[in-house]
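What follows is the content of target-v3.pdb (PDB, C-alpha atoms and all ligand atoms).
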ATOM      1  CA  MET A  15      25.141  -5.373 -34.550  1.00  0.00           C
ATOM      2  CA  ASN A  16      25.937  -2.677 -32.027  1.00  0.00           C
ATOM      3  CA  CYS A  17      25.155  -2.268 -28.344  1.00  0.00           C
ATOM      4  CA  LEU A  18      21.801  -0.501 -27.996  1.00  0.00           C
ATOM      5  CA  VAL A  19      23.118   1.728 -25.242  1.00  0.00           C
ATOM      6  CA  CYS A  20      26.729   2.684 -25.950  1.00  0.00           C
ATOM      7  CA  GLY A  21      26.866   1.777 -29.623  1.00  0.00           C
ATOM      8  CA  GLN A  22      30.006  -0.339 -29.541  1.00  0.00           C
ATOM      9  CA  LEU A  23      30.160  -3.307 -31.857  1.00  0.00           C
ATOM     10  CA  LEU A  24      28.918  -6.470 -30.179  1.00  0.00           C
ATOM     11  CA  LYS A  25      31.189  -9.461 -30.345  1.00  0.00           C
ATOM     12  CA  ARG A  26      29.110 -12.444 -31.236  1.00  0.00           C
ATOM     13  CA  GLU A  27      31.465 -15.249 -30.536  1.00  0.00           C
ATOM     14  CA  LEU A  28      30.031 -18.461 -29.240  1.00  0.00           C
ATOM     15  CA  SER A  29      31.610 -19.970 -26.197  1.00  0.00           C
ATOM     16  CA  PHE A  30      32.578 -23.606 -26.241  1.00  0.00           C
ATOM     17  CA  HIS A  31      29.845 -24.207 -23.699  1.00  0.00           C
ATOM     18  CA  GLN A  32      27.192 -22.623 -25.927  1.00  0.00           C
ATOM     19  CA  LEU A  33      28.329 -24.700 -28.868  1.00  0.00           C
ATOM     20  CA  LEU A  34      27.882 -27.877 -26.892  1.00  0.00           C
ATOM     21  CA  GLN A  35      24.385 -27.028 -25.706  1.00  0.00           C
ATOM     22  CA  PHE A  36      22.655 -27.384 -29.073  1.00  0.00           C
ATOM     23  CA  LEU A  37      20.032 -24.895 -27.931  1.00  0.00           C
ATOM     24  CA  PRO A  38      18.888 -21.739 -29.677  1.00  0.00           C
ATOM     25  CA  ILE A  39      21.387 -19.028 -28.796  1.00  0.00           C
ATOM     26  CA  ILE A  40      19.902 -15.751 -27.615  1.00  0.00           C
ATOM     27  CA  PHE A  41      22.244 -12.890 -28.280  1.00  0.00           C
ATOM     28  CA  SER A  42      22.066  -9.911 -25.992  1.00  0.00           C
ATOM     29  CA  ASP A  43      21.303  -6.478 -27.429  1.00  0.00           C
ATOM     30  CA  ILE A  44      23.761  -4.798 -25.140  1.00  0.00           C
ATOM     31  CA  CYS A  45      27.462  -5.188 -24.488  1.00  0.00           C
ATOM     32  CA  VAL A  46      29.008  -6.789 -21.430  1.00  0.00           C
ATOM     33  CA  GLU A  47      30.105  -3.416 -20.000  1.00  0.00           C
ATOM     34  CA  CYS A  48      26.575  -2.015 -20.182  1.00  0.00           C
ATOM     35  CA  GLU A  49      25.076  -5.239 -18.885  1.00  0.00           C
ATOM     36  CA  GLU A  50      27.278  -4.959 -15.816  1.00  0.00           C
ATOM     37  CA  GLN A  51      25.713  -1.600 -14.991  1.00  0.00           C
ATOM     38  CA  LEU A  52      22.306  -3.195 -14.526  1.00  0.00           C
ATOM     39  CA  ILE A  53      22.431  -4.115 -10.878  1.00  0.00           C
ATOM     40  CA  CYS A  54      19.630  -6.020  -9.204  1.00  0.00           C
ATOM     41  CA  TYR A  55      18.799  -5.471  -5.559  1.00  0.00           C
ATOM     42  CA  GLN A  56      20.157  -8.188  -3.364  1.00  0.00           C
ATOM     43  CA  GLU A  57      21.077  -6.393  -0.162  1.00  0.00           C
ATOM     44  CA  GLU A  58      18.719  -5.426   2.635  1.00  0.00           C
ATOM     45  CA  VAL A  59      15.951  -3.110   1.559  1.00  0.00           C
ATOM     46  CA  CYS A  60      13.245  -1.017   3.164  1.00  0.00           C
ATOM     47  CA  ALA A  61      10.118  -3.090   3.752  1.00  0.00           C
ATOM     48  CA  GLY A  62       8.111  -0.201   2.380  1.00  0.00           C
ATOM     49  CA  CYS A  63       9.591   0.987  -0.862  1.00  0.00           C
ATOM     50  CA  GLY A  64      12.422  -1.424  -1.636  1.00  0.00           C
ATOM     51  CA  ARG A  65      15.321   1.047  -1.433  1.00  0.00           C
ATOM     52  CA  PRO A  66      18.563  -0.139   0.193  1.00  0.00           C
ATOM     53  CA  TYR A  67      18.080   0.217   3.887  1.00  0.00           C
ATOM     54  CA  SER A  68      19.594  -1.836   6.615  1.00  0.00           C
ATOM     55  CA  GLN A  69      17.635  -0.689   9.639  1.00  0.00           C
ATOM     56  CA  GLU A  70      14.485  -2.310  10.850  1.00  0.00           C
ATOM     57  CA  SER A  71      11.136  -1.571   9.258  1.00  0.00           C
ATOM     58  CA  LEU A  72      10.555   1.529   7.169  1.00  0.00           C
ATOM     59  CA  CYS A  73      12.743   4.304   5.771  1.00  0.00           C
ATOM     60  CA  ARG A  74      11.966   7.982   6.360  1.00  0.00           C
ATOM     61  CA  ASP A  75       9.966   8.357   3.139  1.00  0.00           C
ATOM     62  CA  CYS A  76       7.795   5.376   3.972  1.00  0.00           C
ATOM     63  CA  ARG A  77       7.232   6.476   7.543  1.00  0.00           C
ATOM     64  CA  ARG A  78       5.662   9.614   6.128  1.00  0.00           C
ATOM     65  CA  TRP A  79       3.054   7.491   4.396  1.00  0.00           C
ATOM     66  CA  GLN A  80       2.182   5.750   7.633  1.00  0.00           C
ATOM     67  CA  GLY A  81      -1.068   7.006   9.058  1.00  0.00           C
ATOM     68  CA  GLN A  82      -2.068   8.420   5.689  1.00  0.00           C
ATOM     69  CA  VAL A  83      -2.715   5.164   3.915  1.00  0.00           C
ATOM     70  CA  SER A  84      -3.175   1.530   4.972  1.00  0.00           C
ATOM     71  CA  ALA A  85       0.013  -0.306   5.800  1.00  0.00           C
ATOM     72  CA  TRP A  86      -0.358  -2.849   3.003  1.00  0.00           C
ATOM     73  CA  MET A  87      -0.160  -0.041   0.493  1.00  0.00           C
ATOM     74  CA  ILE A  88       3.350   0.888   1.569  1.00  0.00           C
ATOM     75  CA  GLN A  89       5.002  -2.176   0.145  1.00  0.00           C
ATOM     76  CA  ASN A  90       7.042  -2.074  -2.957  1.00  0.00           C
ATOM     77  CA  ARG A  91       9.944  -3.926  -4.475  1.00  0.00           C
ATOM     78  CA  ALA A  92      12.415  -2.414  -6.881  1.00  0.00           C
ATOM     79  CA  ILE A  93      14.234  -4.580  -9.406  1.00  0.00           C
ATOM     80  CA  LEU A  94      17.237  -2.449 -10.355  1.00  0.00           C
ATOM     81  CA  HIS A  95      19.492   0.124  -8.762  1.00  0.00           C
ATOM     82  CA  TYR A  96      18.737   3.621 -10.002  1.00  0.00           C
ATOM     83  CA  ASN A  97      22.374   4.386 -10.769  1.00  0.00           C
ATOM     84  CA  ASP A  98      23.727   6.852 -13.330  1.00  0.00           C
ATOM     85  CA  PHE A  99      23.541   4.244 -16.036  1.00  0.00           C
ATOM     86  CA  LEU A 100      19.883   3.548 -15.373  1.00  0.00           C
ATOM     87  CA  LYS A 101      19.055   7.258 -15.110  1.00  0.00           C
ATOM     88  CA  GLU A 102      20.587   7.884 -18.513  1.00  0.00           C
ATOM     89  CA  TRP A 103      18.848   4.859 -19.979  1.00  0.00           C
ATOM     90  CA  PHE A 104      15.526   5.983 -18.484  1.00  0.00           C
ATOM     91  CA  TYR A 105      15.886   9.493 -19.864  1.00  0.00           C
ATOM     92  CA  ARG A 106      16.611   8.240 -23.362  1.00  0.00           C
ATOM     93  CA  TYR A 107      13.871   5.643 -23.189  1.00  0.00           C
ATOM     94  CA  LYS A 108      11.047   7.553 -21.585  1.00  0.00           C
ATOM     95  CA  TYR A 109      11.679  11.187 -22.376  1.00  0.00           C
ATOM     96  CA  GLN A 110      13.536  10.988 -25.673  1.00  0.00           C
ATOM     97  CA  GLY A 111      11.232   8.173 -26.728  1.00  0.00           C
ATOM     98  CA  ASP A 112      13.799   5.603 -27.867  1.00  0.00           C
ATOM     99  CA  VAL A 113      11.430   2.630 -27.553  1.00  0.00           C
ATOM    100  CA  ARG A 114      14.080   0.144 -28.713  1.00  0.00           C
ATOM    101  CA  LEU A 115      15.777   0.635 -25.365  1.00  0.00           C
ATOM    102  CA  ALA A 116      13.044  -1.406 -23.671  1.00  0.00           C
ATOM    103  CA  LYS A 117      15.149  -4.379 -24.685  1.00  0.00           C
ATOM    104  CA  VAL A 118      17.972  -3.286 -22.407  1.00  0.00           C
ATOM    105  CA  VAL A 119      16.109  -4.309 -19.264  1.00  0.00           C
ATOM    106  CA  GLN A 120      13.917  -7.089 -20.669  1.00  0.00           C
ATOM    107  CA  GLU A 121      15.879  -9.919 -19.139  1.00  0.00           C
ATOM    108  CA  LYS A 122      15.880  -8.367 -15.657  1.00  0.00           C
ATOM    109  CA  ILE A 123      12.119  -7.873 -15.768  1.00  0.00           C
ATOM    110  CA  ARG A 124      11.605 -11.331 -17.204  1.00  0.00           C
ATOM    111  CA  ASN A 125      13.678 -12.899 -14.427  1.00  0.00           C
ATOM    112  CA  PHE A 126      11.702 -11.063 -11.786  1.00  0.00           C
ATOM    113  CA  TYR A 127       8.483 -12.176 -13.425  1.00  0.00           C
ATOM    114  CA  LYS A 128       9.500 -15.820 -13.222  1.00  0.00           C
ATOM    115  CA  ASP A 129       9.312 -15.618  -9.426  1.00  0.00           C
ATOM    116  CA  HIS A 130       6.081 -13.597  -9.454  1.00  0.00           C
ATOM    117  CA  SER A 131       4.090 -15.145 -12.258  1.00  0.00           C
ATOM    118  CA  ASP A 132       1.341 -16.274  -9.859  1.00  0.00           C
ATOM    119  CA  ALA A 133       0.148 -12.651  -9.622  1.00  0.00           C
ATOM    120  CA  CYS A 134      -1.918 -10.834 -12.199  1.00  0.00           C
ATOM    121  CA  TRP A 135       0.382  -8.042 -13.392  1.00  0.00           C
ATOM    122  CA  VAL A 136      -1.322  -4.740 -14.032  1.00  0.00           C
ATOM    123  CA  ILE A 137      -0.119  -1.361 -15.274  1.00  0.00           C
ATOM    124  CA  LEU A 138      -1.280   2.163 -14.580  1.00  0.00           C
ATOM    125  CA  PRO A 139      -2.638   4.219 -17.476  1.00  0.00           C
ATOM    126  CA  SER A 140      -0.871   7.288 -18.849  1.00  0.00           C
ATOM    127  CA  SER A 141      -2.784  10.516 -18.859  1.00  0.00           C
ATOM    128  CA  PRO A 142      -4.068  11.340 -22.351  1.00  0.00           C
ATOM    129  CA  GLN A 143      -1.733  14.358 -22.308  1.00  0.00           C
ATOM    130  CA  ASN A 144       1.333  12.209 -21.638  1.00  0.00           C
ATOM    131  CA  PHE A 145       0.301   9.685 -24.214  1.00  0.00           C
ATOM    132  CA  ALA A 146      -0.219  12.354 -26.844  1.00  0.00           C
ATOM    133  CA  GLN A 147       3.206  13.770 -26.090  1.00  0.00           C
ATOM    134  CA  ARG A 148       5.129  10.478 -26.034  1.00  0.00           C
ATOM    135  CA  GLN A 149       3.112   8.411 -28.475  1.00  0.00           C
ATOM    136  CA  PHE A 150       3.853   5.316 -26.431  1.00  0.00           C
ATOM    137  CA  HIS A 151       3.198   3.943 -22.993  1.00  0.00           C
ATOM    138  CA  PRO A 152       6.663   3.421 -21.473  1.00  0.00           C
ATOM    139  CA  VAL A 153       5.645   0.820 -18.883  1.00  0.00           C
ATOM    140  CA  LYS A 154       3.554  -1.191 -21.299  1.00  0.00           C
ATOM    141  CA  GLU A 155       6.423  -1.371 -23.787  1.00  0.00           C
ATOM    142  CA  LEU A 156       8.775  -2.600 -21.060  1.00  0.00           C
ATOM    143  CA  LEU A 157       6.490  -5.518 -20.248  1.00  0.00           C
ATOM    144  CA  LYS A 158       5.863  -6.274 -23.889  1.00  0.00           C
ATOM    145  CA  ALA A 159       9.594  -6.401 -24.566  1.00  0.00           C
ATOM    146  CA  ALA A 160      10.082  -8.665 -21.545  1.00  0.00           C
ATOM    147  CA  ASP A 161       7.234 -10.882 -22.721  1.00  0.00           C
ATOM    148  CA  VAL A 162       5.372 -10.466 -19.439  1.00  0.00           C
ATOM    149  CA  PRO A 163       1.570 -10.789 -19.635  1.00  0.00           C
ATOM    150  CA  PHE A 164      -0.359  -7.931 -18.041  1.00  0.00           C
ATOM    151  CA  GLU A 165      -3.834  -6.445 -17.730  1.00  0.00           C
ATOM    152  CA  GLU A 166      -4.960  -2.881 -18.225  1.00  0.00           C
ATOM    153  CA  VAL A 167      -7.551  -2.622 -15.488  1.00  0.00           C
ATOM    154  CA  PHE A 168      -7.638   1.123 -14.922  1.00  0.00           C
ATOM    155  CA  ASP A 169      -9.224   4.088 -16.594  1.00  0.00           C
ATOM    156  CA  TYR A 170      -7.453   7.395 -16.196  1.00  0.00           C
ATOM    157  CA  ILE A 171      -9.705   9.940 -14.495  1.00  0.00           C
ATOM    158  CA  GLY A 172      -7.088  12.476 -13.342  1.00  0.00           C
ATOM    159  CA  ASN A 173      -6.563  15.969 -14.629  1.00  0.00           C
ATOM    160  CA  GLY A 174      -3.297  15.272 -16.397  1.00  0.00           C
ATOM    161  CA  GLU A 175      -0.995  17.008 -13.937  1.00  0.00           C
ATOM    162  CA  LYS A 176       2.523  15.690 -14.169  1.00  0.00           C
ATOM    163  CA  GLN A 177       3.789  13.950 -11.038  1.00  0.00           C
ATOM    164  CA  ALA A 178       7.349  14.943 -11.712  1.00  0.00           C
ATOM    165  CA  GLU A 179       6.436  18.613 -11.591  1.00  0.00           C
ATOM    166  CA  LYS A 180       4.744  18.481  -8.234  1.00  0.00           C
ATOM    167  CA  THR A 181       6.273  19.095  -4.876  1.00  0.00           C
ATOM    168  CA  ARG A 182       6.333  16.188  -2.509  1.00  0.00           C
ATOM    169  CA  GLU A 183       3.568  17.660  -0.426  1.00  0.00           C
ATOM    170  CA  ASN A 184       1.298  18.057  -3.427  1.00  0.00           C
ATOM    171  CA  ARG A 185       2.005  14.533  -4.530  1.00  0.00           C
ATOM    172  CA  LEU A 186       0.909  13.194  -1.178  1.00  0.00           C
ATOM    173  CA  LYS A 187      -2.336  15.101  -1.554  1.00  0.00           C
ATOM    174  CA  MET A 188      -2.834  13.979  -5.125  1.00  0.00           C
ATOM    175  CA  ARG A 189      -6.404  13.211  -6.096  1.00  0.00           C
ATOM    176  CA  GLN A 190      -7.205   9.672  -7.163  1.00  0.00           C
ATOM    177  CA  PRO A 191      -6.388   9.592 -10.903  1.00  0.00           C
ATOM    178  CA  PHE A 192      -7.298   5.929 -11.485  1.00  0.00           C
ATOM    179  CA  ARG A 193     -10.519   4.001 -11.563  1.00  0.00           C
ATOM    180  CA  VAL A 194     -10.902   0.279 -12.141  1.00  0.00           C
ATOM    181  CA  LYS A 195     -12.740  -0.410 -15.387  1.00  0.00           C
ATOM    182  CA  GLU A 196     -16.351  -1.377 -14.875  1.00  0.00           C
ATOM    183  CA  ASN A 197     -16.088  -4.607 -16.776  1.00  0.00           C
ATOM    184  CA  PHE A 198     -12.989  -5.754 -14.934  1.00  0.00           C
ATOM    185  CA  ASP A 199     -13.501  -9.263 -13.555  1.00  0.00           C
ATOM    186  CA  LEU A 200     -12.840  -9.279  -9.821  1.00  0.00           C
ATOM    187  CA  GLN A 201     -12.513 -13.005  -9.609  1.00  0.00           C
ATOM    188  CA  ALA A 202      -9.815 -13.142 -12.231  1.00  0.00           C
ATOM    189  CA  SER A 203      -7.061 -13.311  -9.650  1.00  0.00           C
ATOM    190  CA  LYS A 204      -6.456 -13.194  -5.909  1.00  0.00           C
ATOM    191  CA  LYS A 205      -3.070 -11.674  -6.284  1.00  0.00           C
ATOM    192  CA  TYR A 206      -2.311  -8.459  -8.081  1.00  0.00           C
ATOM    193  CA  LEU A 207       0.977  -6.828  -8.841  1.00  0.00           C
ATOM    194  CA  ILE A 208       1.115  -3.281 -10.128  1.00  0.00           C
ATOM    195  CA  PHE A 209       4.225  -2.655 -12.173  1.00  0.00           C
ATOM    196  CA  ASP A 210       5.679   0.798 -12.762  1.00  0.00           C
ATOM    197  CA  ASP A 211       8.931   2.233 -14.027  1.00  0.00           C
ATOM    198  CA  VAL A 212      10.534   4.451 -11.382  1.00  0.00           C
ATOM    199  CA  TYR A 213       9.275   4.748  -7.818  1.00  0.00           C
ATOM    200  CA  THR A 214       9.895   8.289  -6.616  1.00  0.00           C
ATOM    201  CA  THR A 215       7.593   9.258  -3.763  1.00  0.00           C
ATOM    202  CA  GLY A 216       5.357   6.264  -4.280  1.00  0.00           C
ATOM    203  CA  ALA A 217       2.285   8.455  -4.756  1.00  0.00           C
ATOM    204  CA  THR A 218       1.320   7.025  -8.141  1.00  0.00           C
ATOM    205  CA  LEU A 219       1.644   3.398  -7.119  1.00  0.00           C
ATOM    206  CA  ILE A 220      -0.119   3.973  -3.828  1.00  0.00           C
ATOM    207  CA  ARG A 221      -3.056   5.588  -5.637  1.00  0.00           C
ATOM    208  CA  GLY A 222      -3.151   2.594  -7.948  1.00  0.00           C
ATOM    209  CA  LYS A 223      -3.246   0.192  -5.015  1.00  0.00           C
ATOM    210  CA  GLU A 224      -5.889   2.298  -3.343  1.00  0.00           C
ATOM    211  CA  ALA A 225      -8.113   2.190  -6.439  1.00  0.00           C
ATOM    212  CA  LEU A 226      -7.676  -1.553  -6.819  1.00  0.00           C
ATOM    213  CA  GLY A 227      -8.151  -2.130  -3.092  1.00  0.00           C
ATOM    214  CA  GLU A 228     -11.357  -0.154  -3.076  1.00  0.00           C
ATOM    215  CA  HIS A 229     -12.659  -2.056  -6.028  1.00  0.00           C
ATOM    216  CA  LEU A 230     -11.810  -5.365  -4.391  1.00  0.00           C
ATOM    217  CA  ASN A 231     -13.193  -4.119  -1.115  1.00  0.00           C
ATOM    218  CA  ILE A 232      -9.959  -4.336   0.807  1.00  0.00           C
ATOM    219  CA  HIS A 233      -9.837  -1.891   3.644  1.00  0.00           C
ATOM    220  CA  THR A 234      -7.616  -3.540   6.182  1.00  0.00           C
ATOM    221  CA  LEU A 235      -4.110  -4.831   6.398  1.00  0.00           C
ATOM    222  CA  ASN A 236      -5.468  -8.316   6.960  1.00  0.00           C
ATOM    223  CA  ALA A 237      -6.785  -8.529   3.490  1.00  0.00           C
ATOM    224  CA  GLU A 238      -6.082 -12.199   3.286  1.00  0.00           C
ATOM    225  CA  GLU A 239      -8.423 -12.839   0.477  1.00  0.00           C
ATOM    226  CA  TYR A 240      -6.521 -10.628  -1.905  1.00  0.00           C
ATOM    227  CA  GLN A 241      -2.969  -9.486  -2.194  1.00  0.00           C
ATOM    228  CA  ILE A 242      -1.957  -6.310  -3.935  1.00  0.00           C
ATOM    229  CA  GLN A 243       1.722  -5.611  -4.273  1.00  0.00           C
ATOM    230  CA  SER A 244       3.743  -3.294  -6.412  1.00  0.00           C
ATOM    231  CA  VAL A 245       7.034  -3.557  -8.204  1.00  0.00           C
ATOM    232  CA  SER A 246       8.971  -0.771  -9.792  1.00  0.00           C
ATOM    233  CA  LEU A 247      11.804  -1.223 -12.224  1.00  0.00           C
ATOM    234  CA  ALA A 248      13.853   1.123 -10.025  1.00  0.00           C
ATOM    235  CA  ARG A 249      13.617   3.220  -6.891  1.00  0.00           C
ATOM    236  CA  ASP A 250      14.796   6.819  -7.090  1.00  0.00           C
ATOM    237  CA  VAL A 251      16.440   7.480  -3.760  1.00  0.00           C
ATOM    238  CA  ALA A 252      16.980  11.204  -4.243  1.00  0.00           C
ATOM    239  CA  ASP A 253      15.418  13.212  -1.441  1.00  0.00           C
ATOM    240  CA  TYR A 254      12.534  15.300  -2.688  1.00  0.00           C
ATOM    241  CA  GLY A 255      12.066  17.019   0.643  1.00  0.00           C
TER
HETATM  242 ZN    ZN B 301      27.213  -1.024 -24.326  1.00  0.00          ZN
HETATM  243 ZN    ZN B 302      11.043   3.077   2.182  1.00  0.00          ZN
END

Will you turn the file into structure tokens for me?
Amino acid sequence: MNCLVCGQLLKRELSFHQLLQFLPIIFSDICVECEEQLICYQEEVCAGCGRPYSQESLCRDCRRWQGQVSAWMIQNRAILHYNDFLKEWFYRYKYQGDVRLAKVVQEKIRNFYKDHSDACWVILPSSPQNFAQRQFHPVKELLKAADVPFEEVFDYIGNGEKQAEKTRENRLKMRQPFRVKENFDLQASKKYLIFDDVYTTGATLIRGKEALGEHLNIHTLNAEEYQIQSVSLARDVADYG
């Protein structure tokens, strides 16, 4: 078996420790070198979007959201660094459609889930145009590979415009593309977590939180009854102006 990312042959030697455990051995689908490129956030991060940031409160991007949306909407955590390795992986996975590559990050997502399994995880729908083009839902496949349970609570009601092709200003003005499904059970959970792949300007996730918040009737920061948070696999820190 070869590494899913770089293709080198995987050495499947058992360590002495593994031999003594008498437990099922789970072999990784990627090599040690590739594994080392998957770096989880541990350092100080922006309270808003989860990018590395050592100063108090919010980074410049997040400050721009202030005043436009409720403060609770500007809260996101990112799991992995968006380094060159992850960018390449993301391109091959999402845009070239190599669905097998979902396995590369499954353990990182799974580990994050273990600490956040009290929330109901939800995903945002693809536009029909994107789905027709890709033939798969990239975020859904990530969670399936990681064995993380999730709900599909939204209908897509947008016009199919691609986020990536918009300028920052247009993204901020983006019309609400999501609507909570009519039969969605409000009481199902008090805690919601919207999971997405890469956080860029935050517009998509914020619209998702807004739609969920409206449905749950949350209009203030002190929404103690419900909690809506978001987590992205990574945070793109490039400046989009
Ligand atoms: Zn490799
Ligand atoms: Zn931020």

Please report as CSV every residue of chain A lying within 12 Å of ligand ZN 301 (chain B), along with the nearest atom pair and their distance in Å (one decimal), using all atoms listed in the file.
residue,atom,partner,partner_atom,distance
A:Met15,CA,B:ZN301,ZN,11.3
A:Asn16,CA,B:ZN301,ZN,8.0
A:Cys17,CA,B:ZN301,ZN,4.7
A:Leu18,CA,B:ZN301,ZN,6.6
A:Val19,CA,B:ZN301,ZN,5.0
A:Cys20,CA,B:ZN301,ZN,4.1
A:Gly21,CA,B:ZN301,ZN,6.0
A:Gln22,CA,B:ZN301,ZN,6.0
A:Leu23,CA,B:ZN301,ZN,8.4
A:Leu24,CA,B:ZN301,ZN,8.2
A:Lys25,CA,B:ZN301,ZN,11.1
A:Ser42,CA,B:ZN301,ZN,10.4
A:Asp43,CA,B:ZN301,ZN,8.6
A:Ile44,CA,B:ZN301,ZN,5.2
A:Cys45,CA,B:ZN301,ZN,4.2
A:Val46,CA,B:ZN301,ZN,6.7
A:Glu47,CA,B:ZN301,ZN,5.7
A:Cys48,CA,B:ZN301,ZN,4.3
A:Glu49,CA,B:ZN301,ZN,7.2
A:Glu50,CA,B:ZN301,ZN,9.4
A:Gln51,CA,B:ZN301,ZN,9.5
A:Leu52,CA,B:ZN301,ZN,11.2
A:Phe99,CA,B:ZN301,ZN,10.5
A:Trp103,CA,B:ZN301,ZN,11.1
A:Leu115,CA,B:ZN301,ZN,11.6
A:Val118,CA,B:ZN301,ZN,9.7

Exercise. Could you write out as a count of residues only the residues that the PyMOL selection byres (((chain A and resi 221) around 12) and not hetatm) matches in the shown file?
Worked result: 37

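For the choices A:Leu156, A:Leu28, A:Leu230, A:His95, the atom-to-atom distance to Phe198 (chain A) is smallest for A:Leu230 when using only C-alpha atoms.
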
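Restricting the calculation to only C-alpha atoms and all ligand atoms, the smallest distance between ligand ZN 302 (chain B) and any of A:Gln120, A:Ser203, A:Gln243, A:Ser71 is found for A:Ser71.
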
Exercise. What do you get, as a list of chain:residue names, if you spell out every residue that the PyMOL selection byres (((not hetatm)) within 9 of (chain B and resi 302)) selects here?
Worked result: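 Answer for the PyMOL selection byres (((not hetatm)) within 9 of (chain B and resi 302)): A:Val59, A:Cys60, A:Ala61, A:Gly62, A:Cys63, A:Gly64, A:Arg65, A:Pro66, A:Tyr67, A:Ser71, A:Leu72, A:Cys73, A:Arg74, A:Asp75, A:Cys76, A:Arg77, A:Ile88, A:Gln89, A:Asn90.
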
Problem set entry | 9 Å contact set for Gln149 (chain A), only C-alpha atoms, chain neighbours under 4 positions out, as a list in words |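 Counting only C-alpha atoms, the residues come to Gly111, Asn144 and Phe145 of chain A.
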
For this session: With the file shown as input, list the residues that the PyMOL selection byres (((chain A and resi 212) around 6) and not hetatm) selects, as a PyMOL selection string.
Result: chain A and resi 211+213+246-249

For this session: Considering only C-alpha atoms, state which residue in the set A:Gly81, A:Ile137, A:Ile123, A:Asp250 is at the smallest distance from Asp98 (chain A).
Result: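 Nearest candidate to Asp98 (chain A) out of A:Gly81, A:Ile137, A:Ile123, A:Asp250: A:Asp250.
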
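Take CA of Gln56 (chain A) and CA of Arg91 (chain A): the distance between them is 11.1 Å.
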
Exercise. Can you tell me how far CA of Ala92 (chain A) sits from CA of Val245 (chain A), in Å to one decimal?
Worked result: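 Going from CA of Ala92 (chain A) over to CA of Val245 (chain A), I get 5.7 Å.
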